[in-house]
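Novice: So here's start-v5.cif, just mmCIF, C-alpha atoms and all ligand atoms:
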```cif
data_start
#
loop_
_atom_site.label_atom_id
_atom_site.label_comp_id
_atom_site.auth_asym_id
_atom_site.auth_seq_id
_atom_site.Cartn_x
_atom_site.Cartn_y
_atom_site.Cartn_z
CA MET A 131 -6.22 -35.93 -72.21
CA LYS A 132 -5.35 -38.68 -74.61
CA THR A 133 -1.80 -39.82 -73.92
CA VAL A 134 0.50 -40.52 -71.02
CA ASN A 135 2.55 -37.42 -71.93
CA SER A 136 -0.41 -35.16 -71.11
CA PHE A 137 0.18 -35.74 -67.38
CA GLN A 138 3.66 -34.21 -67.48
CA LYS A 139 2.48 -31.41 -69.80
CA LEU A 140 -0.26 -30.41 -67.36
CA LYS A 141 2.17 -30.43 -64.45
CA ASP A 142 4.76 -28.42 -66.39
CA ASN A 143 2.06 -25.88 -67.35
CA ASN A 144 1.02 -25.59 -63.70
CA GLU A 145 -2.44 -26.90 -64.51
CA LYS A 146 -3.94 -29.26 -61.94
CA ILE A 147 -4.91 -32.74 -63.14
CA ALA A 148 -8.55 -33.63 -62.41
CA MET A 149 -9.13 -37.38 -62.27
CA LEU A 150 -12.15 -39.44 -61.22
CA THR A 151 -13.08 -43.10 -61.06
CA ALA A 152 -15.64 -44.78 -63.32
CA TYR A 153 -16.87 -48.33 -63.52
CA ASP A 154 -19.55 -48.20 -66.21
CA TYR A 155 -20.29 -46.94 -69.74
CA SER A 156 -22.66 -44.08 -68.95
CA THR A 157 -20.62 -42.63 -66.08
CA ALA A 158 -17.49 -42.76 -68.25
CA LYS A 159 -19.36 -40.96 -71.04
CA THR A 160 -20.43 -38.18 -68.66
CA LEU A 161 -16.90 -37.79 -67.26
CA GLU A 162 -15.54 -37.46 -70.78
CA GLU A 163 -18.21 -34.88 -71.62
CA ALA A 164 -17.15 -32.91 -68.52
CA GLY A 165 -13.54 -32.97 -69.73
CA ILE A 166 -12.11 -34.99 -66.83
CA ASP A 167 -8.38 -35.38 -67.55
CA ALA A 168 -8.11 -39.13 -66.92
CA ILE A 169 -10.30 -41.93 -65.57
CA LEU A 170 -9.28 -44.65 -63.13
CA VAL A 171 -11.19 -47.91 -63.13
CA GLY A 172 -10.33 -48.35 -59.46
CA ASP A 173 -10.55 -51.60 -57.54
CA SER A 174 -12.84 -49.56 -55.25
CA LEU A 175 -15.50 -50.88 -57.63
CA ALA A 176 -15.35 -54.11 -55.61
CA MET A 177 -17.12 -52.33 -52.76
CA VAL A 178 -18.93 -49.53 -54.59
CA ALA A 179 -20.31 -51.42 -57.60
CA LEU A 180 -20.24 -55.05 -56.48
CA GLY A 181 -20.96 -54.66 -52.77
CA TYR A 182 -17.96 -56.74 -51.68
CA ARG A 183 -16.81 -56.37 -48.07
CA ASP A 184 -13.46 -54.92 -49.21
CA THR A 185 -11.26 -54.70 -52.30
CA TYR A 186 -9.40 -57.94 -51.60
CA ILE A 187 -11.96 -60.15 -53.29
CA ILE A 188 -12.08 -58.75 -56.82
CA THR A 189 -10.11 -60.53 -59.55
CA ALA A 190 -8.43 -59.29 -62.73
CA ASP A 191 -11.06 -61.08 -64.82
CA GLU A 192 -13.87 -59.25 -63.03
CA MET A 193 -12.04 -55.89 -63.38
CA LYS A 194 -11.67 -56.51 -67.11
CA ILE A 195 -15.44 -56.29 -67.68
CA PHE A 196 -15.61 -52.83 -66.09
CA VAL A 197 -12.53 -51.62 -67.99
CA LYS A 198 -14.26 -52.66 -71.23
CA ALA A 199 -17.41 -50.71 -70.35
CA VAL A 200 -15.51 -47.56 -69.32
CA SER A 201 -13.27 -47.60 -72.39
CA LYS A 202 -16.36 -47.76 -74.62
CA GLY A 203 -17.93 -44.79 -72.81
CA ALA A 204 -14.81 -42.60 -72.85
CA ARG A 205 -13.01 -43.38 -76.11
CA ASN A 206 -11.04 -40.13 -76.06
CA THR A 207 -9.97 -40.15 -72.42
CA PHE A 208 -6.84 -41.72 -70.90
CA ILE A 209 -8.02 -44.73 -68.91
CA ILE A 210 -6.04 -46.39 -66.15
CA ALA A 211 -6.96 -49.81 -64.80
CA ASP A 212 -6.23 -50.69 -61.19
CA MET A 213 -4.51 -54.03 -60.76
CA PRO A 214 -6.44 -55.82 -58.00
CA PHE A 215 -4.99 -57.53 -54.95
CA MET A 216 -2.82 -60.56 -55.77
CA SER A 217 -3.29 -60.14 -59.51
CA TYR A 218 0.35 -59.01 -59.81
CA ASN A 219 2.09 -60.09 -56.61
CA ILE A 220 2.88 -63.75 -57.29
CA ASN A 221 5.49 -63.28 -59.98
CA VAL A 222 6.35 -60.94 -62.84
CA GLU A 223 4.80 -63.25 -65.46
CA GLN A 224 1.47 -63.28 -63.60
CA GLY A 225 1.62 -59.48 -63.26
CA MET A 226 2.41 -59.03 -66.95
CA GLU A 227 -0.35 -61.39 -67.99
CA ASN A 228 -2.98 -59.57 -65.93
CA ALA A 229 -1.67 -56.13 -66.95
CA SER A 230 -2.00 -57.20 -70.55
CA LYS A 231 -5.65 -58.23 -69.92
CA MET A 232 -6.38 -54.67 -68.78
CA ILE A 233 -4.80 -53.14 -71.87
CA LYS A 234 -6.62 -55.55 -74.18
CA ALA A 235 -9.86 -54.58 -72.38
CA GLY A 236 -9.27 -50.94 -73.37
CA ALA A 237 -7.13 -49.33 -70.66
CA SER A 238 -4.13 -47.22 -71.65
CA ALA A 239 -2.22 -47.81 -68.41
CA ILE A 240 -2.31 -49.72 -65.13
CA LYS A 241 -1.92 -48.75 -61.46
CA LEU A 242 0.23 -50.73 -59.04
CA GLU A 243 0.24 -50.18 -55.27
CA GLY A 244 3.39 -49.88 -53.18
CA CYS A 245 7.10 -49.88 -53.85
CA ASN A 246 9.39 -52.80 -53.13
CA LYS A 247 12.06 -54.50 -55.25
CA TYR A 248 9.46 -56.70 -56.88
CA ILE A 249 7.07 -53.83 -57.75
CA LEU A 250 10.00 -51.90 -59.24
CA THR A 251 10.95 -54.88 -61.43
CA LEU A 252 7.35 -55.37 -62.55
CA THR A 253 6.98 -51.63 -63.24
CA LYS A 254 10.07 -51.66 -65.46
CA ARG A 255 8.92 -54.79 -67.30
CA CYS A 256 5.48 -53.29 -67.96
CA ILE A 257 6.95 -50.05 -69.27
CA GLU A 258 9.46 -51.93 -71.48
CA SER A 259 6.49 -53.81 -72.92
CA GLY A 260 4.50 -50.64 -73.64
CA ILE A 261 2.27 -50.53 -70.55
CA PRO A 262 2.51 -47.19 -68.69
CA VAL A 263 2.36 -47.48 -64.89
CA LEU A 264 0.76 -45.17 -62.34
CA GLY A 265 2.30 -45.68 -58.87
CA HIS A 266 0.37 -45.52 -55.58
CA LEU A 267 1.99 -44.65 -52.22
CA GLY A 268 0.96 -43.47 -48.76
CA PHE A 269 -2.10 -45.44 -47.67
CA THR A 270 -2.30 -48.43 -49.99
CA PRO A 271 -5.66 -50.19 -49.43
CA GLN A 272 -4.34 -53.56 -50.64
CA LEU A 273 -1.96 -53.57 -47.64
CA MET A 274 -4.70 -52.55 -45.19
CA ASN A 275 -4.52 -55.80 -43.23
CA THR A 276 -0.79 -55.44 -42.64
CA ILE A 277 -0.97 -51.68 -41.99
CA GLY A 278 -3.80 -52.30 -39.50
CA GLY A 279 -6.67 -50.27 -40.96
CA HIS A 280 -7.23 -46.89 -42.61
CA LYS A 281 -4.24 -45.05 -41.15
CA ILE A 282 -2.88 -41.67 -42.16
CA GLN A 283 0.63 -42.12 -43.58
CA GLY A 284 3.63 -39.75 -43.57
CA LYS A 285 2.75 -38.35 -40.16
CA THR A 286 6.36 -37.50 -39.27
CA ALA A 287 9.23 -35.92 -41.19
CA GLU A 288 10.99 -39.29 -41.19
CA MET A 289 7.96 -41.16 -42.56
CA THR A 290 7.53 -38.48 -45.23
CA GLU A 291 11.17 -38.90 -46.28
CA GLU A 292 10.58 -42.66 -46.56
CA ILE A 293 7.59 -42.12 -48.86
CA LEU A 294 9.62 -39.67 -50.92
CA ALA A 295 12.44 -42.22 -51.24
CA SER A 296 9.92 -44.77 -52.56
CA ALA A 297 8.40 -42.18 -54.89
CA LYS A 298 11.84 -41.42 -56.33
CA LYS A 299 12.41 -45.13 -56.99
CA LEU A 300 9.06 -45.35 -58.80
CA GLU A 301 9.92 -42.24 -60.79
CA GLU A 302 13.28 -43.77 -61.75
CA ALA A 303 11.56 -47.02 -62.71
CA GLY A 304 9.46 -45.00 -65.19
CA CYS A 305 6.06 -44.36 -63.53
CA PHE A 306 4.33 -41.48 -65.31
CA ALA A 307 2.67 -40.24 -62.08
CA ILE A 308 2.11 -41.37 -58.48
CA VAL A 309 -1.09 -41.41 -56.42
CA LEU A 310 -0.48 -40.16 -52.86
CA GLU A 311 -3.22 -41.36 -50.54
CA LEU A 312 -4.15 -40.26 -47.03
CA MET A 313 -1.32 -38.11 -45.70
CA PRO A 314 -0.91 -34.60 -44.28
CA SER A 315 -1.01 -31.84 -46.92
CA GLU A 316 2.50 -30.68 -45.98
CA SER A 317 3.92 -34.17 -46.52
CA ALA A 318 2.26 -34.49 -49.94
CA LYS A 319 3.48 -31.00 -50.87
CA TYR A 320 7.06 -31.88 -49.88
CA ILE A 321 6.96 -35.12 -51.91
CA THR A 322 5.42 -33.34 -54.91
CA GLU A 323 8.05 -30.60 -54.84
CA ASN A 324 10.85 -33.16 -54.84
CA LEU A 325 9.64 -35.17 -57.84
CA GLN A 326 9.70 -34.44 -61.55
CA ILE A 327 6.61 -36.52 -62.35
CA PRO A 328 3.12 -35.43 -61.21
CA THR A 329 1.48 -36.59 -58.00
CA ILE A 330 -2.25 -37.27 -57.79
CA GLY A 331 -3.64 -36.74 -54.30
CA ILE A 332 -6.52 -38.42 -52.51
CA GLY A 333 -6.88 -37.23 -48.93
CA ALA A 334 -3.47 -35.57 -49.36
CA GLY A 335 -4.29 -31.85 -49.48
CA ASN A 336 -4.37 -29.54 -52.47
CA GLU A 337 -0.68 -29.14 -53.22
CA CYS A 338 -0.41 -32.31 -55.30
CA SER A 339 -0.21 -31.99 -59.10
CA GLY A 340 -3.74 -33.32 -59.36
CA GLN A 341 -6.59 -34.96 -57.48
CA ILE A 342 -8.57 -38.17 -57.67
CA VAL A 343 -11.65 -39.26 -55.75
CA VAL A 344 -14.24 -41.98 -56.11
CA THR A 345 -17.03 -40.54 -58.27
CA ASP A 346 -19.78 -42.31 -56.34
CA ASP A 347 -18.48 -40.64 -53.15
CA ILE A 348 -18.59 -37.07 -54.49
CA LEU A 349 -22.02 -37.68 -56.01
CA GLY A 350 -23.38 -38.97 -52.70
CA LYS A 351 -24.30 -42.27 -54.29
CA TYR A 352 -22.22 -44.63 -52.16
CA THR A 353 -23.45 -44.27 -48.61
CA ASP A 354 -21.77 -47.13 -46.69
CA PHE A 355 -19.15 -44.72 -45.36
CA ALA A 356 -17.84 -41.24 -46.17
CA PRO A 357 -14.13 -40.50 -45.67
CA LYS A 358 -13.27 -37.04 -44.27
CA PHE A 359 -11.51 -36.06 -47.49
CA VAL A 360 -14.64 -36.46 -49.62
CA LYS A 361 -16.61 -33.38 -50.61
CA LYS A 362 -20.18 -34.11 -51.68
CA TYR A 363 -21.05 -32.29 -54.91
CA ALA A 364 -24.51 -33.90 -55.13
CA ASP A 365 -26.82 -36.13 -53.12
CA LEU A 366 -27.73 -38.72 -55.72
CA HIS A 367 -28.84 -41.18 -53.06
CA LYS A 368 -31.58 -38.73 -52.07
CA VAL A 369 -32.51 -37.95 -55.68
CA VAL A 370 -32.69 -41.64 -56.64
CA LEU A 371 -34.60 -42.58 -53.49
CA GLU A 372 -37.21 -39.86 -54.10
CA SER A 373 -37.51 -40.75 -57.79
CA VAL A 374 -37.98 -44.49 -57.31
CA SER A 375 -40.45 -43.86 -54.46
CA ASN A 376 -42.47 -41.60 -56.79
CA TYR A 377 -42.32 -44.24 -59.52
CA LYS A 378 -43.54 -46.91 -57.11
CA GLU A 379 -46.42 -44.69 -55.97
CA GLU A 380 -47.45 -43.90 -59.56
CA VAL A 381 -47.42 -47.58 -60.55
CA LYS A 382 -49.60 -48.44 -57.56
CA THR A 383 -52.08 -45.65 -58.37
CA GLN A 384 -51.93 -46.20 -62.15
CA ALA A 385 -50.65 -42.66 -62.72
CA PHE A 386 -47.82 -44.30 -64.66
CA PRO A 387 -47.79 -45.05 -67.52
CA SER A 388 -50.04 -42.24 -68.73
CA LYS A 389 -51.17 -41.69 -72.34
CA ASN A 390 -47.83 -39.95 -72.98
CA GLU A 391 -45.92 -43.12 -72.28
CA SER A 392 -48.36 -45.49 -74.01
CA PHE A 393 -49.16 -46.60 -77.57
CA GLU A 394 -52.71 -46.48 -78.96
CA LEU A 395 -54.44 -49.02 -81.16
CA ASN A 396 -56.22 -47.24 -84.04
CA PRO A 397 -60.01 -46.93 -83.54
CA GLU A 398 -60.90 -49.42 -86.33
CA GLU A 399 -58.76 -52.10 -84.77
CA GLN A 400 -60.20 -51.27 -81.37
CA ILE A 401 -63.74 -51.95 -82.69
CA LYS A 402 -62.60 -55.23 -84.24
CA LEU A 403 -60.95 -56.25 -81.03
CA LEU A 404 -64.08 -55.49 -78.98
CA SER A 405 -66.33 -57.32 -81.44
CA ASN A 406 -64.24 -60.46 -80.91
CA ASP A 407 -65.64 -60.75 -77.40
O1 LIG B 501 -9.60 -47.93 -56.20
C1 LIG B 501 -9.63 -46.69 -56.28
O2 LIG B 501 -10.66 -46.11 -56.60
C2 LIG B 501 -8.38 -45.98 -55.97
C3 LIG B 501 -8.35 -44.55 -55.60
C4 LIG B 501 -6.99 -43.96 -55.78
C5 LIG B 501 -9.40 -43.64 -55.97
O3 LIG B 501 -7.37 -46.61 -55.97
#
```
Kindly present the structure from the file in structure tokens form.
Specialist:
Amino acid sequence: MKTVNSFQKLKDNNEKIAMLTAYDYSTAKTLEEAGIDAILVGDSLAMVALGYRDTYIITADEMKIFVKAVSKGARNTFIIADMPFMSYNINVEQGMENASKMIKAGASAIKLEGCNKYILTLTKRCIESGIPVLGHLGFTPQLMNTIGGHKIQGKTAEMTEEILASAKKLEEAGCFAIVLELMPSESAKYITENLQIPTIGIGAGNECSGQIVVTDDILGKYTDFAPKFVKKYADLHKVVLESVSNYKEEVKTQAFPSKNESFELNPEEQIKLLSND
């Protein structure tokens, strides 16, 4: 997938959109090789790659470095940069300035959380300036402190209608797709069926137009916590732990490096070297 139009094409062709996160060059390269439809440089990297307590701490300038690395690794994949907490909430100019940093770092689009009058204005301004916007509704981690924790959204028909109303506003403002996070499958299905643009689910069942998850979660690499909606496709933590333990053992016992991993001085030079003693 190379352009923003590919999202709508996939939805219209009834093909699910498979997205993943990436924060570094080599992961991005592998995702591109696997044919992942689009990559999100999510602000989840604050916790997963930088070990921050939550995603509140990361800044746009820090995000920029990861966007650069990912865009170098996946030159032919559509890359979306997450706008971190408070990098777009002060005023439209601040939002535009930070959005432009992400595009200059190599992203093709940005993601904004939530939907209020201000977000709608910023979304329109970004799109008018040539920056496509991915919306994000349902559980929005940047509002976690006001929501009061990781809470499932859209748990009633009324709450689902409210999310749909916001989604319609984002669609009207020009978002090319909307992430729906942490809600019952039926709610996400209802919202998806009532929108023209695609929805990308995370913990929102399999009736969305596509899915996104944190790559480190599905690879079993990030072990601090595992949300219920994550399926583990590998246990990289185990693989890495075993490998580095073996390496350590082989260094201690001098099994590594062996002749295979070493360079040899030619015999003449060896004699000269010894005769210098
Ligand atoms: O930060 C992130 O990784 C996200 C998710 C939607 C995966 O926002």
Novice: Give me the residues within 8 Å of A:Leu310 as a list of chain:residue names, counting only C-alpha atoms and dropping any in the same chain fewer than 3 places off.
Specialist: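 Contacts, in chain order: A:His266, A:Leu267, A:Gly268, A:Phe269, A:Met313, A:Ala318, A:Thr329, A:Ile330, A:Gly331, A:Ile332, A:Ala334.
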Novice: Rank nothing, just name the residue among A:Gly333, A:Glu323, A:Phe306, A:Ala237 nearest to A:Gln283, using all atoms listed in the file.
Specialist: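 Of all the options, A:Gly333 lies closest to A:Gln283.
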Novice: Please write out the residues within 6 Å of ligand LIG 501 (chain B) as a list in words, counting all atoms listed in the file.
Specialist: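 The residues within 6 Å of ligand LIG 501 (chain B), counting all atoms listed in the file, are Thr151, Gly172, Asp173, Ser174, Ile342, Val343 and Val344 of chain A.
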Novice: For A:Tyr248, work out the shell of residues within 10 Å, counting all atoms listed in the file and skipping chain neighbours fewer than 6 positions away, then give it as a short mmCIF file (atom, residue, chain, number, x, y, z; two decimals) with C-alpha atoms, keeping the file's coordinate frame.
Specialist:
```cif
data_model
loop_
_atom_site.label_atom_id
_atom_site.label_comp_id
_atom_site.auth_asym_id
_atom_site.auth_seq_id
_atom_site.Cartn_x
_atom_site.Cartn_y
_atom_site.Cartn_z
CA TYR A 218 0.35 -59.01 -59.81
CA ASN A 219 2.09 -60.09 -56.61
CA ILE A 220 2.88 -63.75 -57.29
CA ASN A 221 5.49 -63.28 -59.98
CA VAL A 222 6.35 -60.94 -62.84
CA LYS A 254 10.07 -51.66 -65.46
#
```
Novice: Quick one: distance from atom CA of A:Tyr182 to atom CA of A:Asp354 in Å, one decimal?
Specialist: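 Spanning atom CA of A:Tyr182 to atom CA of A:Asp354 is a straight-line distance of 11.5 Å.
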Novice: How many Å lie between atom CA of A:Gln341 and atom CA of A:Met149, rounded to one decimal?
Specialist: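 Taking atom CA of A:Gln341 and atom CA of A:Met149, their separation equals 5.9 Å.
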Novice: Can you measure atom CA of A:Lys132 to atom CA of A:Leu242 for me? One decimal in Å is fine.
Specialist: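 Between these atoms lies a distance of 20.5 Å.
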Novice: My list of candidates is A:Glu391, A:Asp167, A:Glu258, A:Asp154. Which is closest to A:Ser201 when distances are computed with only C-alpha atoms?
Specialist: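 The shortest atom-to-atom distance to A:Ser201 comes from A:Asp154.
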Novice: Stretch 334-338 of chain A, all listed atoms, 5 Å padding on each side: what axis-aligned box centre and edge lengths in Å to one decimal come out, as AutoDock Vina command-line options?
Specialist:
```
--center_x -2.4 --center_y -32.4 --center_z -52.3 --size_x 14.0 --size_y 16.4 --size_z 15.9
```
Novice: Up to 9 Å from (-18.6, -41.7, -56.1) in the file's coordinates: name the residues, counting all atoms listed in the file, as an mmCIF file with C-alpha atoms, in the frame of the given file.
Specialist:
```cif
data_model
loop_
_atom_site.group_PDB
_atom_site.id
_atom_site.type_symbol
_atom_site.label_atom_id
_atom_site.label_comp_id
_atom_site.auth_asym_id
_atom_site.auth_seq_id
_atom_site.Cartn_x
_atom_site.Cartn_y
_atom_site.Cartn_z
ATOM 1 C CA LEU A 150 -12.150 -39.440 -61.220
ATOM 2 C CA THR A 151 -13.080 -43.100 -61.060
ATOM 3 C CA ALA A 152 -15.640 -44.780 -63.320
ATOM 4 C CA VAL A 178 -18.930 -49.530 -54.590
ATOM 5 C CA VAL A 343 -11.650 -39.260 -55.750
ATOM 6 C CA VAL A 344 -14.240 -41.980 -56.110
ATOM 7 C CA THR A 345 -17.030 -40.540 -58.270
ATOM 8 C CA ASP A 346 -19.780 -42.310 -56.340
ATOM 9 C CA ASP A 347 -18.480 -40.640 -53.150
ATOM 10 C CA ILE A 348 -18.590 -37.070 -54.490
ATOM 11 C CA LEU A 349 -22.020 -37.680 -56.010
ATOM 12 C CA GLY A 350 -23.380 -38.970 -52.700
ATOM 13 C CA LYS A 351 -24.300 -42.270 -54.290
ATOM 14 C CA TYR A 352 -22.220 -44.630 -52.160
ATOM 15 C CA LYS A 362 -20.180 -34.110 -51.680
#
```
Novice: Counting only C-alpha atoms, what is within 12 Å of stretch 190-200 of chain A, bar same-chain residues fewer than 6 positions away, as a PyMOL selection string?
Specialist: chain A and resi 150-162+168-176+179-180+206-218+224-240
